[in-house]
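Asks: This is data02.cif, which holds mmCIF, C-alpha atoms and all ligand atoms:
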data_query
loop_
_atom_site.group_PDB
_atom_site.id
_atom_site.type_symbol
_atom_site.label_atom_id
_atom_site.label_comp_id
_atom_site.auth_asym_id
_atom_site.auth_seq_id
_atom_site.Cartn_x
_atom_site.Cartn_y
_atom_site.Cartn_z
ATOM 1 C CA MET N 1 -41.365 -17.401 -24.547
ATOM 2 C CA THR N 2 -41.900 -14.534 -22.082
ATOM 3 C CA GLY N 3 -41.999 -10.784 -22.662
ATOM 4 C CA GLY N 4 -40.194 -8.095 -20.711
ATOM 5 C CA ARG N 5 -37.374 -5.618 -21.120
ATOM 6 C CA ALA N 6 -34.689 -6.155 -23.748
ATOM 7 C CA PRO N 7 -31.212 -6.841 -22.325
ATOM 8 C CA ALA N 8 -28.865 -3.835 -22.307
ATOM 9 C CA GLY N 9 -27.117 -4.963 -25.482
ATOM 10 C CA ALA N 10 -30.340 -5.181 -27.482
ATOM 11 C CA ARG N 11 -32.161 -1.987 -26.556
ATOM 12 C CA PRO N 12 -33.851 -0.310 -29.528
ATOM 13 C CA ALA N 13 -32.969 3.302 -30.268
ATOM 14 C CA GLU N 14 -35.317 5.628 -28.400
ATOM 15 C CA PRO N 15 -37.164 8.653 -29.772
ATOM 16 C CA ILE N 16 -35.120 11.833 -29.430
ATOM 17 C CA SER N 17 -36.149 15.447 -28.903
ATOM 18 C CA TRP N 18 -35.383 17.654 -31.856
ATOM 19 C CA PRO N 19 -34.309 21.310 -31.536
ATOM 20 C CA GLU N 20 -36.975 23.788 -30.374
ATOM 21 C CA GLY N 21 -39.829 24.073 -32.860
ATOM 22 C CA TYR N 22 -39.076 20.878 -34.790
ATOM 23 C CA ARG N 23 -40.862 17.540 -34.557
ATOM 24 C CA ALA N 24 -38.678 15.627 -37.039
ATOM 25 C CA ALA N 25 -35.609 16.086 -39.244
ATOM 26 C CA ALA N 26 -34.757 15.561 -42.909
ATOM 27 C CA SER N 27 -31.382 15.379 -44.570
ATOM 28 C CA PHE N 28 -30.640 15.204 -48.288
ATOM 29 C CA SER N 29 -27.502 13.230 -49.011
ATOM 30 C CA PHE N 30 -25.724 12.590 -52.301
ATOM 31 C CA ASP N 31 -23.316 9.728 -52.937
ATOM 32 C CA VAL N 32 -21.033 10.914 -55.725
ATOM 33 C CA ASP N 33 -19.959 7.420 -56.763
ATOM 34 C CA ALA N 34 -19.327 8.328 -60.422
ATOM 35 C CA GLU N 35 -17.152 5.595 -61.996
ATOM 36 C CA SER N 36 -15.778 4.227 -58.719
ATOM 37 C CA ALA N 37 -18.662 1.935 -57.699
ATOM 38 C CA ILE N 38 -18.727 0.261 -61.103
ATOM 39 C CA LEU N 39 -14.938 0.070 -61.499
ATOM 40 C CA TYR N 40 -14.633 -1.690 -58.148
ATOM 41 C CA SER N 41 -17.433 -4.210 -58.606
ATOM 42 C CA SER N 42 -16.721 -4.801 -62.297
ATOM 43 C CA PRO N 43 -13.100 -3.779 -63.089
ATOM 44 C CA GLY N 44 -13.435 -4.625 -66.794
ATOM 45 C CA SER N 45 -16.148 -1.980 -67.166
ATOM 46 C CA GLY N 46 -13.448 0.685 -67.423
ATOM 47 C CA ARG N 47 -13.064 -0.384 -71.069
ATOM 48 C CA ARG N 48 -16.788 0.203 -71.718
ATOM 49 C CA ALA N 49 -17.044 3.848 -72.779
ATOM 50 C CA GLY N 50 -20.837 3.811 -72.709
ATOM 51 C CA VAL N 51 -21.018 2.528 -69.137
ATOM 52 C CA MET N 52 -18.344 4.981 -68.008
ATOM 53 C CA SER N 53 -20.228 7.872 -69.631
ATOM 54 C CA HIS N 54 -23.373 6.854 -67.709
ATOM 55 C CA GLN N 55 -21.358 7.272 -64.512
ATOM 56 C CA SER N 56 -19.522 10.485 -65.438
ATOM 57 C CA TYR N 57 -22.903 12.143 -66.047
ATOM 58 C CA GLY N 58 -23.084 12.352 -62.239
ATOM 59 C CA PRO N 59 -20.246 14.783 -61.555
ATOM 60 C CA LEU N 60 -20.504 16.488 -64.961
ATOM 61 C CA VAL N 61 -24.256 17.185 -65.125
ATOM 62 C CA GLY N 62 -25.945 15.833 -61.987
ATOM 63 C CA VAL N 63 -23.906 17.641 -59.341
ATOM 64 C CA PRO N 64 -24.253 21.133 -60.887
ATOM 65 C CA ARG N 65 -28.047 20.621 -61.173
ATOM 66 C CA ILE N 66 -28.291 19.393 -57.592
ATOM 67 C CA LEU N 67 -26.224 22.349 -56.364
ATOM 68 C CA ASP N 68 -28.601 24.670 -58.203
ATOM 69 C CA VAL N 69 -31.707 23.097 -56.615
ATOM 70 C CA LEU N 70 -30.164 23.234 -53.139
ATOM 71 C CA HIS N 71 -29.143 26.854 -53.664
ATOM 72 C CA ARG N 72 -32.655 27.881 -54.726
ATOM 73 C CA HIS N 73 -34.099 26.318 -51.566
ATOM 74 C CA GLY N 74 -31.329 27.650 -49.329
ATOM 75 C CA VAL N 75 -30.668 24.098 -48.148
ATOM 76 C CA ARG N 76 -27.284 22.632 -47.238
ATOM 77 C CA ALA N 77 -26.694 18.942 -47.843
ATOM 78 C CA THR N 78 -24.129 16.179 -47.366
ATOM 79 C CA PHE N 79 -22.064 14.787 -50.250
ATOM 80 C CA PHE N 80 -20.358 11.424 -49.698
ATOM 81 C CA VAL N 81 -17.423 11.326 -52.109
ATOM 82 C CA PRO N 82 -15.096 8.364 -52.774
ATOM 83 C CA GLY N 83 -11.443 9.433 -52.936
ATOM 84 C CA TYR N 84 -11.187 8.274 -56.547
ATOM 85 C CA THR N 85 -14.058 10.582 -57.541
ATOM 86 C CA ALA N 86 -12.338 13.483 -55.775
ATOM 87 C CA GLU N 87 -9.091 12.869 -57.667
ATOM 88 C CA ARG N 88 -10.842 12.481 -61.040
ATOM 89 C CA TYR N 89 -13.178 15.478 -60.637
ATOM 90 C CA PRO N 90 -11.374 17.824 -58.217
ATOM 91 C CA TRP N 91 -13.175 20.935 -59.449
ATOM 92 C CA VAL N 92 -16.578 19.344 -58.824
ATOM 93 C CA VAL N 93 -15.650 18.485 -55.245
ATOM 94 C CA ARG N 94 -14.297 21.984 -54.665
ATOM 95 C CA ASP N 95 -17.565 23.449 -56.034
ATOM 96 C CA ILE N 96 -19.535 21.342 -53.525
ATOM 97 C CA VAL N 97 -17.412 22.631 -50.648
ATOM 98 C CA ALA N 98 -17.450 26.224 -51.923
ATOM 99 C CA ALA N 99 -21.266 26.136 -51.956
ATOM 100 C CA GLY N 100 -21.226 25.428 -48.212
ATOM 101 C CA HIS N 101 -22.152 21.737 -48.273
ATOM 102 C CA GLU N 102 -20.688 18.984 -46.153
ATOM 103 C CA LEU N 103 -18.067 16.691 -47.686
ATOM 104 C CA ALA N 104 -18.067 13.184 -46.209
ATOM 105 C CA HIS N 105 -16.168 9.915 -46.661
ATOM 106 C CA HIS N 106 -17.357 7.093 -48.936
ATOM 107 C CA GLY N 107 -14.333 4.832 -49.367
ATOM 108 C CA TYR N 108 -11.523 5.312 -51.872
ATOM 109 C CA LEU N 109 -12.695 3.231 -54.859
ATOM 110 C CA HIS N 110 -16.104 2.499 -53.330
ATOM 111 C CA GLU N 111 -14.682 -0.779 -52.009
ATOM 112 C CA SER N 112 -17.102 -3.422 -50.785
ATOM 113 C CA LEU N 113 -16.206 -4.339 -47.195
ATOM 114 C CA GLU N 114 -17.897 -7.715 -47.191
ATOM 115 C CA GLY N 115 -15.392 -10.235 -45.804
ATOM 116 C CA VAL N 116 -12.638 -7.605 -45.590
ATOM 117 C CA ASP N 117 -10.248 -7.694 -42.598
ATOM 118 C CA PRO N 118 -9.821 -4.588 -40.385
ATOM 119 C CA GLU N 119 -6.295 -3.817 -41.682
ATOM 120 C CA THR N 120 -7.484 -3.720 -45.290
ATOM 121 C CA GLU N 121 -10.531 -1.668 -44.327
ATOM 122 C CA ALA N 122 -8.291 0.777 -42.451
ATOM 123 C CA GLY N 123 -6.219 1.155 -45.629
ATOM 124 C CA TYR N 124 -9.317 2.111 -47.647
ATOM 125 C CA LEU N 125 -10.339 4.621 -44.983
ATOM 126 C CA ASP N 126 -6.909 6.257 -44.854
ATOM 127 C CA ARG N 127 -6.559 6.449 -48.637
ATOM 128 C CA GLY N 128 -10.003 8.075 -48.893
ATOM 129 C CA LEU N 129 -9.157 10.557 -46.143
ATOM 130 C CA GLN N 130 -5.925 11.498 -47.892
ATOM 131 C CA ALA N 131 -7.695 12.128 -51.205
ATOM 132 C CA LEU N 132 -10.327 14.432 -49.670
ATOM 133 C CA GLU N 133 -7.592 16.275 -47.799
ATOM 134 C CA ASP N 134 -5.426 16.671 -50.928
ATOM 135 C CA VAL N 135 -8.264 17.779 -53.227
ATOM 136 C CA ALA N 136 -10.458 19.864 -50.942
ATOM 137 C CA GLY N 137 -8.453 20.406 -47.755
ATOM 138 C CA VAL N 138 -11.292 18.774 -45.818
ATOM 139 C CA ARG N 139 -11.052 16.285 -42.943
ATOM 140 C CA PRO N 140 -14.566 14.780 -42.945
ATOM 141 C CA VAL N 141 -16.475 13.936 -39.750
ATOM 142 C CA GLY N 142 -18.980 11.674 -41.487
ATOM 143 C CA TYR N 143 -18.738 8.266 -43.146
ATOM 144 C CA ARG N 144 -21.023 6.076 -45.217
ATOM 145 C CA ALA N 145 -19.862 2.568 -46.104
ATOM 146 C CA PRO N 146 -19.940 1.829 -49.842
ATOM 147 C CA MET N 147 -23.025 -0.269 -50.643
ATOM 148 C CA TRP N 148 -24.069 0.317 -46.991
ATOM 149 C CA GLU N 149 -21.927 -2.703 -46.198
ATOM 150 C CA PRO N 150 -19.952 -1.842 -43.039
ATOM 151 C CA THR N 151 -18.159 -4.495 -40.973
ATOM 152 C CA TRP N 152 -18.378 -5.036 -37.225
ATOM 153 C CA ALA N 153 -14.982 -3.314 -37.016
ATOM 154 C CA THR N 154 -16.080 -0.176 -38.881
ATOM 155 C CA PRO N 155 -17.251 1.852 -35.819
ATOM 156 C CA THR N 156 -13.928 1.313 -34.045
ATOM 157 C CA LEU N 157 -11.880 2.195 -37.130
ATOM 158 C CA LEU N 158 -13.941 5.373 -37.587
ATOM 159 C CA ALA N 159 -13.633 6.422 -33.939
ATOM 160 C CA GLU N 160 -9.859 5.889 -34.065
ATOM 161 C CA ARG N 161 -9.761 8.377 -36.940
ATOM 162 C CA GLY N 162 -11.836 10.998 -35.163
ATOM 163 C CA PHE N 163 -15.088 10.589 -37.095
ATOM 164 C CA LEU N 164 -18.229 11.891 -35.391
ATOM 165 C CA TYR N 165 -20.818 9.850 -37.238
ATOM 166 C CA ASP N 166 -21.654 6.940 -39.515
ATOM 167 C CA SER N 167 -24.643 6.682 -41.850
ATOM 168 C CA SER N 168 -24.743 3.019 -42.966
ATOM 169 C CA LEU N 169 -27.021 1.078 -40.581
ATOM 170 C CA MET N 170 -30.710 0.169 -40.644
ATOM 171 C CA ASP N 171 -31.781 -0.928 -37.149
ATOM 172 C CA ALA N 172 -33.536 2.354 -36.320
ATOM 173 C CA ASP N 173 -35.014 5.435 -37.994
ATOM 174 C CA VAL N 174 -33.930 7.919 -35.363
ATOM 175 C CA PRO N 175 -30.290 8.821 -34.659
ATOM 176 C CA TYR N 176 -28.537 7.093 -31.788
ATOM 177 C CA GLU N 177 -25.146 6.766 -30.130
ATOM 178 C CA LEU N 178 -23.377 3.571 -31.170
ATOM 179 C CA LYS N 179 -20.912 2.151 -28.634
ATOM 180 C CA VAL N 180 -17.456 1.728 -30.124
ATOM 181 C CA GLY N 181 -15.386 -1.376 -29.470
ATOM 182 C CA GLY N 182 -18.118 -3.985 -29.924
ATOM 183 C CA SER N 183 -17.375 -7.295 -31.515
ATOM 184 C CA GLY N 184 -14.498 -7.666 -33.952
ATOM 185 C CA GLY N 185 -11.982 -5.214 -35.252
ATOM 186 C CA ALA N 186 -9.022 -3.293 -34.033
ATOM 187 C CA ALA N 187 -8.407 -2.402 -30.406
ATOM 188 C CA SER N 188 -11.229 -0.469 -28.816
ATOM 189 C CA SER N 189 -10.750 3.256 -28.521
ATOM 190 C CA GLY N 190 -13.828 3.480 -26.297
ATOM 191 C CA GLY N 191 -16.463 6.129 -26.670
ATOM 192 C CA SER N 192 -19.201 6.179 -29.254
ATOM 193 C CA LEU N 193 -20.160 7.225 -32.737
ATOM 194 C CA VAL N 194 -23.406 8.926 -33.746
ATOM 195 C CA GLU N 195 -25.365 6.681 -36.117
ATOM 196 C CA LEU N 196 -27.705 8.312 -38.632
ATOM 197 C CA PRO N 197 -29.695 5.393 -40.075
ATOM 198 C CA ILE N 198 -30.617 4.889 -43.711
ATOM 199 C CA HIS N 199 -32.826 2.520 -45.706
ATOM 200 C CA TRP N 200 -33.016 1.044 -49.220
ATOM 201 C CA SER N 201 -36.486 2.557 -49.758
ATOM 202 C CA LEU N 202 -35.017 6.061 -49.489
ATOM 203 C CA ASP N 203 -32.304 5.427 -52.086
ATOM 204 C CA ASP N 204 -32.612 6.266 -55.795
ATOM 205 C CA TRP N 205 -30.364 3.329 -56.866
ATOM 206 C CA GLU N 206 -33.146 0.750 -56.502
ATOM 207 C CA GLN N 207 -35.497 3.008 -58.472
ATOM 208 C CA TYR N 208 -33.453 4.237 -61.375
ATOM 209 C CA CYS N 209 -30.232 2.279 -61.893
ATOM 210 C CA PHE N 210 -30.086 0.284 -65.118
ATOM 211 C CA LEU N 211 -26.687 -0.736 -66.487
ATOM 212 C CA PRO N 212 -26.481 -3.516 -69.081
ATOM 213 C CA GLY N 213 -24.640 -6.562 -67.761
ATOM 214 C CA ILE N 214 -24.107 -4.886 -64.391
ATOM 215 C CA ASN N 215 -27.450 -3.921 -62.859
ATOM 216 C CA GLU N 216 -30.374 -4.802 -65.101
ATOM 217 C CA ALA N 217 -33.225 -3.571 -62.906
ATOM 218 C CA ALA N 218 -36.342 -1.903 -64.278
ATOM 219 C CA ILE N 219 -36.236 1.898 -64.452
ATOM 220 C CA GLU N 220 -39.115 3.199 -62.317
ATOM 221 C CA SER N 221 -41.315 6.199 -62.983
ATOM 222 C CA PRO N 222 -40.248 9.330 -61.089
ATOM 223 C CA ALA N 223 -43.956 9.810 -60.279
ATOM 224 C CA LYS N 224 -43.972 6.518 -58.369
ATOM 225 C CA VAL N 225 -40.720 7.419 -56.638
ATOM 226 C CA GLU N 226 -42.042 10.830 -55.654
ATOM 227 C CA GLU N 227 -45.151 9.273 -54.138
ATOM 228 C CA MET N 228 -43.081 6.733 -52.202
ATOM 229 C CA TRP N 229 -40.700 9.317 -50.774
ATOM 230 C CA ARG N 230 -43.494 11.795 -49.960
ATOM 231 C CA LEU N 231 -45.409 9.130 -48.045
ATOM 232 C CA GLU N 232 -42.311 8.209 -46.069
ATOM 233 C CA LEU N 233 -41.463 11.844 -45.316
ATOM 234 C CA ALA N 234 -45.011 12.533 -44.061
ATOM 235 C CA ALA N 235 -45.108 9.403 -41.899
ATOM 236 C CA MET N 236 -41.597 9.889 -40.525
ATOM 237 C CA ARG N 237 -42.534 13.448 -39.587
ATOM 238 C CA GLU N 238 -45.512 12.111 -37.605
ATOM 239 C CA LEU N 239 -43.236 9.690 -35.741
ATOM 240 C CA GLY N 240 -40.424 12.199 -35.097
ATOM 241 C CA CYS N 241 -37.886 10.346 -37.244
ATOM 242 C CA LEU N 242 -34.854 11.371 -39.275
ATOM 243 C CA PHE N 243 -35.709 11.202 -42.995
ATOM 244 C CA THR N 244 -32.379 10.564 -44.736
ATOM 245 C CA LEU N 245 -32.670 10.537 -48.511
ATOM 246 C CA THR N 246 -29.778 9.071 -50.490
ATOM 247 C CA ASN N 247 -29.447 10.135 -54.103
ATOM 248 C CA HIS N 248 -26.745 9.523 -56.701
ATOM 249 C CA PRO N 249 -26.026 12.405 -59.088
ATOM 250 C CA PHE N 250 -25.650 10.009 -62.073
ATOM 251 C CA LEU N 251 -29.252 8.872 -61.430
ATOM 252 C CA THR N 252 -31.152 11.760 -59.843
ATOM 253 C CA GLY N 253 -29.373 14.316 -62.043
ATOM 254 C CA ARG N 254 -31.733 13.374 -64.936
ATOM 255 C CA ALA N 255 -34.397 15.957 -65.791
ATOM 256 C CA SER N 256 -37.658 14.531 -64.433
ATOM 257 C CA ARG N 257 -35.887 13.077 -61.414
ATOM 258 C CA ILE N 258 -34.252 16.333 -60.387
ATOM 259 C CA ALA N 259 -37.743 17.861 -60.582
ATOM 260 C CA VAL N 260 -38.900 15.256 -58.037
ATOM 261 C CA LEU N 261 -36.015 16.134 -55.734
ATOM 262 C CA ASP N 262 -36.828 19.835 -56.128
ATOM 263 C CA ARG N 263 -40.470 19.318 -55.102
ATOM 264 C CA LEU N 264 -39.568 16.986 -52.260
ATOM 265 C CA ILE N 265 -37.170 19.502 -50.706
ATOM 266 C CA GLY N 266 -39.886 22.138 -51.105
ATOM 267 C CA SER N 267 -42.360 19.887 -49.268
ATOM 268 C CA ALA N 268 -39.963 19.184 -46.411
ATOM 269 C CA LEU N 269 -39.404 22.916 -45.936
ATOM 270 C CA ALA N 270 -43.119 23.741 -46.283
ATOM 271 C CA TYR N 271 -43.979 21.667 -43.219
ATOM 272 C CA GLY N 272 -42.209 24.322 -41.179
ATOM 273 C CA ASP N 273 -41.538 21.882 -38.338
ATOM 274 C CA VAL N 274 -39.087 19.548 -40.092
ATOM 275 C CA TRP N 275 -35.448 20.433 -39.449
ATOM 276 C CA VAL N 276 -33.622 20.256 -42.800
ATOM 277 C CA ALA N 277 -29.860 20.123 -42.278
ATOM 278 C CA PRO N 278 -26.674 18.336 -43.392
ATOM 279 C CA LEU N 279 -26.016 15.045 -41.609
ATOM 280 C CA GLY N 280 -22.930 16.450 -39.880
ATOM 281 C CA GLU N 281 -25.020 19.178 -38.252
ATOM 282 C CA ILE N 282 -27.626 16.668 -37.129
ATOM 283 C CA ALA N 283 -24.907 14.422 -35.699
ATOM 284 C CA GLY N 284 -23.419 17.387 -33.840
ATOM 285 C CA TYR N 285 -26.822 18.109 -32.295
ATOM 286 C CA VAL N 286 -27.373 14.452 -31.350
ATOM 287 C CA ARG N 287 -23.991 14.397 -29.610
ATOM 288 C CA THR N 288 -25.152 17.230 -27.295
ATOM 289 C CA LEU N 289 -28.073 15.085 -26.071
ATOM 290 C CA GLY N 290 -25.791 12.752 -24.101
ATOM 291 C CA LEU N 291 -27.664 9.608 -25.179
ATOM 292 C CA THR N 292 -26.633 6.292 -23.653
ATOM 293 C CA PRO N 293 -24.685 4.404 -26.361
ATOM 294 C CA ARG N 294 -26.204 1.236 -27.756
ATOM 295 C CA THR N 295 -24.119 -1.876 -28.293
ATOM 296 C CA LEU N 296 -24.392 -3.749 -31.575
ATOM 297 C CA THR N 297 -23.771 -7.442 -31.175
ATOM 298 C CA GLU N 298 -22.527 -9.764 -33.887
ATOM 299 C CA PRO N 299 -24.745 -12.844 -34.005
ATOM 300 C CA THR N 300 -23.072 -16.188 -33.428
ATOM 301 C CA VAL N 301 -24.085 -18.914 -35.811
ATOM 302 C CA PRO N 302 -25.241 -21.924 -33.758
HETATM 303 ZN ZN ZN S 401 -22.000 4.720 -53.062
#
Can the structure from this file be put into structure tokens for me?
Ligand code: ZN

Replies:
Amino acid sequence: MTGGRAPAGARPAEPISWPEGYRAAASFSFDVDAESAILYSSPGSGRRAGVMSHQSYGPLVGVPRILDVLHRHGVRATFFVPGYTAERYPWVVRDIVAAGHELAHHGYLHESLEGVDPETEAGYLDRGLQALEDVAGVRPVGYRAPMWEPTWATPTLLAERGFLYDSSLMDADVPYELKVGGSGGAASSGGSLVELPIHWSLDDWEQYCFLPGINEAAIESPAKVEEMWRLELAAMRELGCLFTLTNHPFLTGRASRIAVLDRLIGSALAYGDVWVAPLGEIAGYVRTLGLTPRTLTEPTVP
């Protein structure tokens, strides 16, 4: 085994320079899954009124509370909305847009893409796009794969539809340009997509989601969650990273959890040198840097 430079296809993402005066960035993102994620993974759950009410709490109570917190801090955020959520709660989605936040794509019925062929995936993308267009008149520039489960074809399918960025991958904690037309998928359209990486530790699902028969994880204390996220924000600031928090309104909309979000946004702003912006704005900035695109390579099983 010898050391040395990584081959071109395996270069890690490099640190980037943030806009003047900032040493790191933070973005607060909200995945408005509502019923869709549960209906897709467990279709019979639609007959379970209790489970469905747990999910509808998101758009009905969570989103208005989140909008209020963001408004008080003067912060704009990104809301990833499945098409089915948009059609079921059109007024909620219009409120998000009217408040100046970014609306982004999150599938139609929060479809898992594991093992899905590019044609089927393209169908989900187009149906989701149509729903956001019909309900809110918005053509999103950002995408997040449901369950953070993109395929190797996803970047190409997104580029073909004019998306600027994806926020579903975990091989970095700074933004980078992802070369389009790697392994698998539809014909290459060339070019690149901005990738804004995420991670399970900055997601409220693993902390708070308990659903009988569906996701029977322990419900964690918001105090523990706050400590975890604060530590990560502080350390990512030191390293010049992008802190991307992913929250679900049906989870973080609850009283003590929304208080955690409130304080966390306050902390990010109080640093004074952390750029707090919607993901679309961050992606737009990254695109101006002219970074050399990285290639993601599908491993071959020996
Ligand atoms: Zn989701």

Asks: Using all atoms listed in the file, find the one residue out of N:Ala49, N:Val260, N:Ala218, N:Leu169 that sits nearest to Pro197 in chain N.

Replies: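 Among the listed residues, N:Leu169 lies closest to Pro197 in chain N.
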
Asks: Please return as a ChimeraX atom specification the residues found within 9 Å of ligand ZN 401 (chain S), counting only C-alpha atoms and all ligand atoms.

Replies: /N:30-34,36-37,80-82,106-107,110,144-148,248

Asks: Near range 265-279 of chain N, within 8 Å and counting only C-alpha atoms, which residues show up once chain neighbours fewer than 6 positions away are dropped, as a compact mmCIF listing (two decimals) with C-alpha atoms, in the frame of the given file?

Replies:
# COMPACT_ATOMS: atom_id res chain seq x y z
CA GLY N 21 -39.83 24.07 -32.86
CA TYR N 22 -39.08 20.88 -34.79
CA ARG N 23 -40.86 17.54 -34.56
CA ALA N 24 -38.68 15.63 -37.04
CA ALA N 25 -35.61 16.09 -39.24
CA ALA N 26 -34.76 15.56 -42.91
CA SER N 27 -31.38 15.38 -44.57
CA PHE N 28 -30.64 15.20 -48.29
CA SER N 29 -27.50 13.23 -49.01
CA HIS N 73 -34.10 26.32 -51.57
CA VAL N 75 -30.67 24.10 -48.15
CA ARG N 76 -27.28 22.63 -47.24
CA ALA N 77 -26.69 18.94 -47.84
CA THR N 78 -24.13 16.18 -47.37
CA HIS N 101 -22.15 21.74 -48.27
CA GLU N 102 -20.69 18.98 -46.15
CA GLY N 142 -18.98 11.67 -41.49
CA LEU N 196 -27.70 8.31 -38.63
CA LEU N 233 -41.46 11.84 -45.32
CA ARG N 237 -42.53 13.45 -39.59

Asks: Please evaluate the PyMOL selection byres (((chain N and resi 116) around 12) and not hetatm) against the displayed coordinates and give the resulting residues as number ranges by chain.

Replies: N: 111-115, 117-124, 149-154, 184-185

Asks: Excluding Pro64 in chain N and any residue of its chain fewer than 5 positions from it, enumerate the residues within 10 Å of it, using only C-alpha atoms, and give them as a PDB file with C-alpha atoms, in the frame of the given file.

Replies:
ATOM      1  CA  GLY N  58     -23.084  12.352 -62.239  1.00  0.00           C
ATOM      2  CA  PRO N  59     -20.246  14.783 -61.555  1.00  0.00           C
ATOM      3  CA  VAL N  69     -31.707  23.097 -56.615  1.00  0.00           C
ATOM      4  CA  LEU N  70     -30.164  23.234 -53.139  1.00  0.00           C
ATOM      5  CA  VAL N  92     -16.578  19.344 -58.824  1.00  0.00           C
ATOM      6  CA  ASP N  95     -17.565  23.449 -56.034  1.00  0.00           C
ATOM      7  CA  ILE N  96     -19.535  21.342 -53.525  1.00  0.00           C
ATOM      8  CA  PRO N 249     -26.026  12.405 -59.088  1.00  0.00           C
ATOM      9  CA  GLY N 253     -29.373  14.316 -62.043  1.00  0.00           C
TER      10      GLY N 253
END

Asks: Kindly indicate which residue among N:Phe163, N:Phe79, N:Ile214, N:Val180 lies nearest to Thr246 in chain N, using only C-alpha atoms for the distances.

Replies: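 For Thr246 in chain N, the nearest of the given residues is N:Phe79.
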
Asks: Quick one: of N:Trp229, N:Trp200, N:Tyr108, N:Tyr165, who's nearest to Arg127 in chain N, counting all atoms listed in the file?

Replies: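 Once distances to Arg127 in chain N are computed over all atoms listed in the file, the minimum belongs to N:Tyr108.
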
Asks: For each of N:Arg294, N:Gln130, N:Arg65, N:Ala234, take the minimum atom-to-atom distance to Ser256 in chain N, counting only C-alpha atoms, then give the residue where this is smallest.

Replies: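 Using only C-alpha atoms, the shortest distance to Ser256 in chain N belongs to N:Arg65.
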
Asks: Calculated over all atoms listed in the file, which of the candidates N:Thr252, N:Asp171, N:Leu109, N:Lys224 has the smallest distance to Tyr208 in chain N?

Replies: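 Comparing N:Thr252, N:Asp171, N:Leu109, N:Lys224 against Tyr208 in chain N, the winner is N:Thr252.
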
Asks: If I take CA of Leu164 in chain N and CA of Leu193 in chain N, how far is one from the other in Å, to one decimal?

Replies: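 CA of Leu164 in chain N sits 5.7 Å away from CA of Leu193 in chain N.
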
Asks: Rounded to one decimal place, report the CA of Ala13 in chain N-CA of Val141 in chain N distance in Å.

Replies: 21.8 Å

Asks: For CA of Thr288 in chain N and CA of Ala99 in chain N, determine how far apart the two atoms are, in Å to one decimal place.

Replies: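 Calculated distance between CA of Thr288 in chain N and CA of Ala99 in chain N is 26.5 Å.
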